[in-house]
There are 2 protein chains.
Amino acid sequence: MTRKLPSPYRPRVLAPILRVPGLDYDVLDELLGYALRRAQVGMFLAFHAATRGMDITPPRFTALVIVGANPGIGQSVLGKVLGIARSGAMLLTNWMEERGLVERRRRPQDARAWGVHLTPRGERVVAAMKRRVIAEDRRRAGVLDARERRELLRLLNKLAR
Amino acid sequence: MTRKLPSPYRPRVLAPILRVPGLDYDVLDELLGYALRRAQVGMFLAFHAATRGMDITPPRFTALVIVGANPGIGQSVLGKVLGIARSGAMLLTNWMEERGLVERRRRPQDARAWGVHLTPRGERVVAAMKRRVIAEDRRRAGVLDARERRELLRLLNKLAR
DNA sequence: GGCGACTGTTATAGAGCATTACAATCGGCC
DNA sequence: GGCCGATTGTAATGCTCTATAACAGTCGCC
């Protein structure tokens, strides 16, 4: 259980994409891609605010949740889930291990792959993170009623295939 | 009209976020933020495919469209629209100028700020880009019917405030 | 038993962005 | 009319995230 905590997290996106009044947005207002981007930046900022001080990012959060729900997952699969290369998945796993959130265990049936597992501490930290993130996601979606929220989720999943 | 073309564009996100069968996604499937992220990565890949060879990225495209629709815009405002710092807006403007797509013109009424304008070549290039991006955005949204597409756009804008 | 596919690892490189500091200029105020 | 805070573009620097490529060990299959 190493405890280095080297790099205090600084988010990549600090500024919201704000609507400049009197400006002509031309075709941008007709593009799903642009609307998605703006909505996602807003969500990212909410995520960042909700997890302040936890040194966490969306990919890190996703990785922790996936490891928690799929103990013993390999790093290659983890990378595939996140849409990043194996080398990146490894750095991510290193990061989680350095904070004592996960540990690598050898697999008896496959000596190539490690299995990644949450530690007891990891379990607690991830549970707390999930609570905060879920609450913020719900709060942020508060401008939508329940039906709209469900519909948005459905359409997004349909779009992502 | 400088023509350097230094950095052949390589996108940040190459891999789609694919659904790994048999994996437990836990709370991720309930989070708007995660659904947004997946949909946006899919859209980014479509964007990238549609503009292959044009050395363009979403921020660059946005900047060009905004400059085209708002001739003489200053770099600070441009940065605000994109949600990046002034220094980044300047690098972006440099990039556009190096390719002969825009030019900076002095403003008579304010000697601090430059006004950014599309060149004739820029007009043509941006028009072609817009056609491609719009077509791909529509194609990508083809899994939705017209009502769903409109509804998605509405909900995203509502969410982004 | 050999060979292609796969795993984790390491090193290197680059894109994109923020931060900070700076000079020039504007605008308002007394 | 002159000062002072705010704003604009610029330049230098650094950091984070990610890809790419190369490597060794291991698996599985013919």
# chains A, B, ... in the order shown; residues from 1 in each chain; ligands from 1
>>> select_by_dssp(residues="chain B", states="strand (DSSP E)", output="ChimeraX atom specification")
/B:102-106,114-118
>>> closest_atom_pairs(of="chain A", to="chain D", cutoff="8 Å", atoms="only C-alpha atoms (C1' of nucleotides)", output="tab-separated table")
residue	atom	partner	partner_atom	distance
A:Arg12	CA	D:DT16	C1'	7.8
A:Ile84	CA	D:DT18	C1'	7.6
A:Ala85	CA	D:DA19	C1'	7.4
A:Gly88	CA	D:DT18	C1'	6.8
A:Asp110	CA	D:DC27	C1'	7.6
A:Ala111	CA	D:DT26	C1'	6.4
A:Arg112	CA	D:DT26	C1'	5.5
>>> atom_distance(atom1="atom C1' of DG28 of chain C", atom2="atom CA of Arg107 of chain B")
21.2 Å
>>> closest_atom_pairs(of="chain B", to="chain A", cutoff="7 Å", atoms="only C-alpha atoms", output="CSV")
residue,atom,partner,partner_atom,distance
B:Ala15,CA,A:Gly83,CA,5.1
B:Pro16,CA,A:Gly83,CA,5.6
B:Ile17,CA,A:Gly83,CA,4.6
B:Leu18,CA,A:Val81,CA,6.1
B:Arg19,CA,A:Val81,CA,6.8
B:Val20,CA,A:Val81,CA,6.5
B:Leu23,CA,A:Asn70,CA,7.0
B:Asp24,CA,A:Ala69,CA,5.8
B:Tyr25,CA,A:Ile66,CA,6.1
B:Asp26,CA,A:Ala69,CA,6.2
B:Leu31,CA,A:Asp137,CA,6.4
B:Leu32,CA,A:Leu153,CA,6.4
B:Gly33,CA,A:Met43,CA,5.8
B:Ala35,CA,A:Leu156,CA,6.0
B:Leu36,CA,A:Gln40,CA,6.0
B:Arg37,CA,A:Gln40,CA,6.6
B:Arg38,CA,A:Ala160,CA,6.1
B:Ala39,CA,A:Ala160,CA,4.5
B:Gln40,CA,A:Leu36,CA,6.0
B:Gly42,CA,A:Ala160,CA,6.0
B:Met43,CA,A:Gly33,CA,5.8
B:Ile66,CA,A:Tyr25,CA,6.2
B:Ala69,CA,A:Asp24,CA,5.8
B:Asn70,CA,A:Asp24,CA,6.4
B:Lys80,CA,A:Leu18,CA,6.9
B:Val81,CA,A:Ile17,CA,6.1
B:Leu82,CA,A:Ile17,CA,6.0
B:Gly83,CA,A:Ile17,CA,4.6
B:Ile84,CA,A:Ala15,CA,6.6
B:Ile134,CA,A:Leu31,CA,6.9
B:Asp137,CA,A:Leu31,CA,6.5
B:Ala141,CA,A:Leu159,CA,6.8
B:Val143,CA,A:Leu159,CA,6.8
B:Leu152,CA,A:Leu152,CA,6.4
B:Leu153,CA,A:Leu32,CA,6.4
B:Leu155,CA,A:Leu152,CA,6.7
B:Leu156,CA,A:Ala39,CA,5.9
B:Asn157,CA,A:Ala35,CA,6.3
B:Leu159,CA,A:Ala39,CA,6.1
B:Ala160,CA,A:Ala39,CA,4.5
>>> select_by_dssp(residues="segment 46-160 of chain B", states="helix (DSSP H, G or I)", output="MDAnalysis selection string")
chainID B and resid 46:50 58:69 75:82 86:98 120:143 146:160
>>> write_last_selection(atoms="C-alpha atoms", output="CSV table (one decimal), in the first residue's frame")
chain,number,residue,atom,x,y,z
B,46,ALA,CA,-17.5,10.4,-37.1
B,47,PHE,CA,-16.2,14.0,-37.3
B,48,HIS,CA,-12.7,12.8,-37.7
B,49,ALA,CA,-13.7,10.4,-40.5
B,50,ALA,CA,-15.7,13.1,-42.3
B,58,PRO,CA,-13.6,20.2,-33.4
B,59,PRO,CA,-12.1,23.3,-31.8
B,60,ARG,CA,-10.5,24.3,-35.0
B,61,PHE,CA,-13.7,23.8,-36.9
B,62,THR,CA,-15.7,25.7,-34.3
B,63,ALA,CA,-13.2,28.6,-34.5
B,64,LEU,CA,-13.4,28.8,-38.3
B,65,VAL,CA,-17.2,28.8,-38.3
B,66,ILE,CA,-17.3,31.5,-35.6
B,67,VAL,CA,-14.8,33.7,-37.4
B,68,GLY,CA,-16.8,33.2,-40.7
B,69,ALA,CA,-20.1,34.2,-39.1
B,75,GLN,CA,-9.1,36.5,-30.0
B,76,SER,CA,-10.2,37.0,-26.5
B,77,VAL,CA,-13.9,36.6,-27.4
B,78,LEU,CA,-12.9,33.6,-29.6
B,79,GLY,CA,-11.3,32.0,-26.6
B,80,LYS,CA,-14.4,32.6,-24.5
B,81,VAL,CA,-16.6,30.9,-27.1
B,82,LEU,CA,-14.3,27.9,-27.2
B,86,ARG,CA,-6.5,33.7,-24.5
B,87,SER,CA,-3.1,32.1,-25.1
B,88,GLY,CA,-4.8,29.1,-26.6
B,89,ALA,CA,-7.0,31.2,-28.8
B,90,MET,CA,-3.9,32.9,-30.1
B,91,LEU,CA,-2.2,29.6,-31.0
B,92,LEU,CA,-5.4,28.6,-32.7
B,93,THR,CA,-5.4,31.8,-34.6
B,94,ASN,CA,-1.8,31.3,-35.5
B,95,TRP,CA,-2.6,27.9,-36.9
B,96,MET,CA,-5.4,29.3,-39.0
B,97,GLU,CA,-3.3,32.1,-40.3
B,98,GLU,CA,-0.4,29.8,-41.2
B,120,PRO,CA,-11.2,34.2,-49.7
B,121,ARG,CA,-9.4,30.8,-49.5
B,122,GLY,CA,-10.7,30.4,-45.9
B,123,GLU,CA,-14.2,31.1,-47.1
B,124,ARG,CA,-14.0,28.2,-49.6
B,125,VAL,CA,-12.3,25.8,-47.2
B,126,VAL,CA,-14.8,26.5,-44.4
B,127,ALA,CA,-17.7,26.1,-46.8
B,128,ALA,CA,-16.5,22.7,-47.8
B,129,MET,CA,-15.8,21.7,-44.2
B,130,LYS,CA,-19.3,22.7,-43.2
B,131,ARG,CA,-20.9,20.6,-45.9
B,132,ARG,CA,-18.9,17.6,-44.9
B,133,VAL,CA,-19.5,18.0,-41.2
B,134,ILE,CA,-23.2,18.6,-41.5
B,135,ALA,CA,-23.6,15.6,-43.8
B,136,GLU,CA,-21.8,13.4,-41.4
B,137,ASP,CA,-23.7,14.7,-38.4
B,138,ARG,CA,-26.9,14.0,-40.1
B,139,ARG,CA,-25.8,10.6,-41.3
B,140,ARG,CA,-24.6,9.7,-37.8
B,141,ALA,CA,-27.9,10.8,-36.4
B,142,GLY,CA,-29.6,8.5,-38.9
B,143,VAL,CA,-30.5,6.0,-36.2
B,146,ALA,CA,-36.6,13.4,-37.1
B,147,ARG,CA,-38.6,13.9,-33.9
B,148,GLU,CA,-36.1,12.1,-31.8
B,149,ARG,CA,-33.2,14.1,-33.3
B,150,ARG,CA,-35.0,17.4,-32.5
B,151,GLU,CA,-35.9,16.2,-29.0
B,152,LEU,CA,-32.3,15.2,-28.3
B,153,LEU,CA,-31.0,18.6,-29.5
B,154,ARG,CA,-33.6,20.3,-27.3
B,155,LEU,CA,-32.7,18.2,-24.2
B,156,LEU,CA,-29.0,18.7,-24.7
B,157,ASN,CA,-29.4,22.5,-25.0
B,158,LYS,CA,-31.6,22.5,-21.9
B,159,LEU,CA,-29.0,20.5,-20.0
B,160,ALA,CA,-26.1,22.8,-21.1
>>> atom_distance(atom1="atom C1' of DA24 of chain C", atom2="atom CA of Arg106 of chain B")
13.8 Å
>>> closest_atom_pairs(of="chain C", to="chain B", cutoff="12 Å", atoms="only C-alpha atoms (C1' of nucleotides)", output="tab-separated table")
residue	atom	partner	partner_atom	distance
C:DG14	C1'	B:Arg10	CA	9.2
C:DA15	C1'	B:Arg12	CA	7.6
C:DG16	C1'	B:Gly88	CA	8.6
C:DC17	C1'	B:Gly88	CA	7.0
C:DA18	C1'	B:Ala85	CA	7.4
C:DT19	C1'	B:Ala85	CA	9.7
C:DT20	C1'	B:Ser87	CA	11.2
C:DA23	C1'	B:Arg112	CA	10.8
C:DA24	C1'	B:Arg112	CA	7.0
C:DT25	C1'	B:Arg112	CA	5.5
C:DC26	C1'	B:Asp110	CA	7.5
C:DG27	C1'	B:Asp110	CA	11.3
>>> write_last_selection(atoms="N, CA and C atoms (P, O5', C5', C4', C3', O3' and C1' of nucleotides)", output="short mmCIF file (atom, residue, chain, number, x, y, z; two decimals), in the first residue's frame")
data_model
loop_
_atom_site.label_atom_id
_atom_site.label_comp_id
_atom_site.auth_asym_id
_atom_site.auth_seq_id
_atom_site.Cartn_x
_atom_site.Cartn_y
_atom_site.Cartn_z
P DG C 14 7.89 14.51 -31.52
"O5'" DG C 14 6.37 14.94 -31.50
"C5'" DG C 14 5.39 14.00 -31.90
"C4'" DG C 14 4.06 14.39 -31.31
"C3'" DG C 14 3.82 15.90 -31.30
"O3'" DG C 14 2.52 16.14 -31.78
"C1'" DG C 14 3.44 15.01 -29.16
P DA C 15 2.21 17.59 -32.37
"O5'" DA C 15 0.65 17.71 -32.03
"C5'" DA C 15 -0.13 16.52 -31.97
"C4'" DA C 15 -1.24 16.71 -30.96
"C3'" DA C 15 -1.83 18.12 -30.96
"O3'" DA C 15 -3.24 18.00 -30.92
"C1'" DA C 15 -1.04 17.57 -28.79
P DG C 16 -4.10 19.32 -31.17
"O5'" DG C 16 -4.42 19.84 -29.71
"C5'" DG C 16 -5.09 18.97 -28.82
"C4'" DG C 16 -5.05 19.57 -27.45
"C3'" DG C 16 -5.41 21.07 -27.41
"O3'" DG C 16 -6.54 21.22 -26.58
"C1'" DG C 16 -3.48 20.62 -26.14
P DC C 17 -7.41 22.54 -26.68
"O5'" DC C 17 -7.07 23.27 -25.32
"C5'" DC C 17 -7.29 22.56 -24.11
"C4'" DC C 17 -6.31 22.99 -23.05
"C3'" DC C 17 -6.25 24.48 -22.78
"O3'" DC C 17 -7.25 24.82 -21.80
"C1'" DC C 17 -4.12 23.39 -22.59
P DA C 18 -7.28 26.33 -21.24
"O5'" DA C 18 -6.23 26.25 -20.05
"C5'" DA C 18 -6.39 25.26 -19.05
"C4'" DA C 18 -5.34 25.44 -17.96
"C3'" DA C 18 -5.35 26.82 -17.33
"O3'" DA C 18 -5.25 26.71 -15.92
"C1'" DA C 18 -3.21 26.39 -18.34
P DT C 19 -5.42 27.98 -15.02
"O5'" DT C 19 -3.95 28.53 -14.79
"C5'" DT C 19 -2.95 27.63 -14.37
"C4'" DT C 19 -1.60 28.32 -14.35
"C3'" DT C 19 -1.65 29.77 -13.82
"O3'" DT C 19 -0.76 29.85 -12.73
"C1'" DT C 19 -0.44 29.64 -15.87
P DT C 20 -0.77 31.12 -11.75
"O5'" DT C 20 0.42 32.00 -12.33
"C5'" DT C 20 1.66 31.36 -12.63
"C4'" DT C 20 2.51 32.28 -13.47
"C3'" DT C 20 2.42 33.76 -13.09
"O3'" DT C 20 3.69 34.17 -12.62
"C1'" DT C 20 2.35 33.43 -15.45
P DA C 23 7.64 44.87 -19.61
"O5'" DA C 23 6.95 45.36 -20.95
"C5'" DA C 23 7.27 44.72 -22.18
"C4'" DA C 23 6.31 45.19 -23.26
"C3'" DA C 23 6.05 46.70 -23.27
"O3'" DA C 23 5.95 47.14 -24.61
"C1'" DA C 23 4.02 45.56 -22.92
P DA C 24 5.91 48.69 -24.91
"O5'" DA C 24 4.42 48.89 -25.46
"C5'" DA C 24 4.00 48.15 -26.60
"C4'" DA C 24 2.50 48.24 -26.71
"C3'" DA C 24 1.94 49.67 -26.73
"O3'" DA C 24 1.19 49.82 -27.92
"C1'" DA C 24 0.75 48.29 -25.19
P DT C 25 0.62 51.23 -28.33
"O5'" DT C 25 -0.82 51.20 -27.68
"C5'" DT C 25 -1.74 50.22 -28.13
"C4'" DT C 25 -2.93 50.21 -27.22
"C3'" DT C 25 -3.70 51.53 -27.13
"O3'" DT C 25 -4.91 51.34 -27.84
"C1'" DT C 25 -3.56 50.38 -25.05
P DC C 26 -5.82 52.62 -28.13
"O5'" DC C 26 -6.92 52.48 -26.99
"C5'" DC C 26 -7.74 51.32 -26.99
"C4'" DC C 26 -8.50 51.22 -25.69
"C3'" DC C 26 -9.42 52.39 -25.40
"O3'" DC C 26 -10.74 51.91 -25.37
"C1'" DC C 26 -8.14 51.78 -23.49
P DG C 27 -11.94 52.93 -25.50
"O5'" DG C 27 -12.40 53.13 -24.00
"C5'" DG C 27 -12.31 52.05 -23.08
"C4'" DG C 27 -12.64 52.53 -21.68
"C3'" DG C 27 -13.45 53.82 -21.63
"O3'" DG C 27 -14.34 53.73 -20.55
"C1'" DG C 27 -11.43 54.13 -20.50
#
>>> atom_distance(atom1="atom CA of Gly115 of chain B", atom2="atom CA of Arg52 of chain B")
29.3 Å
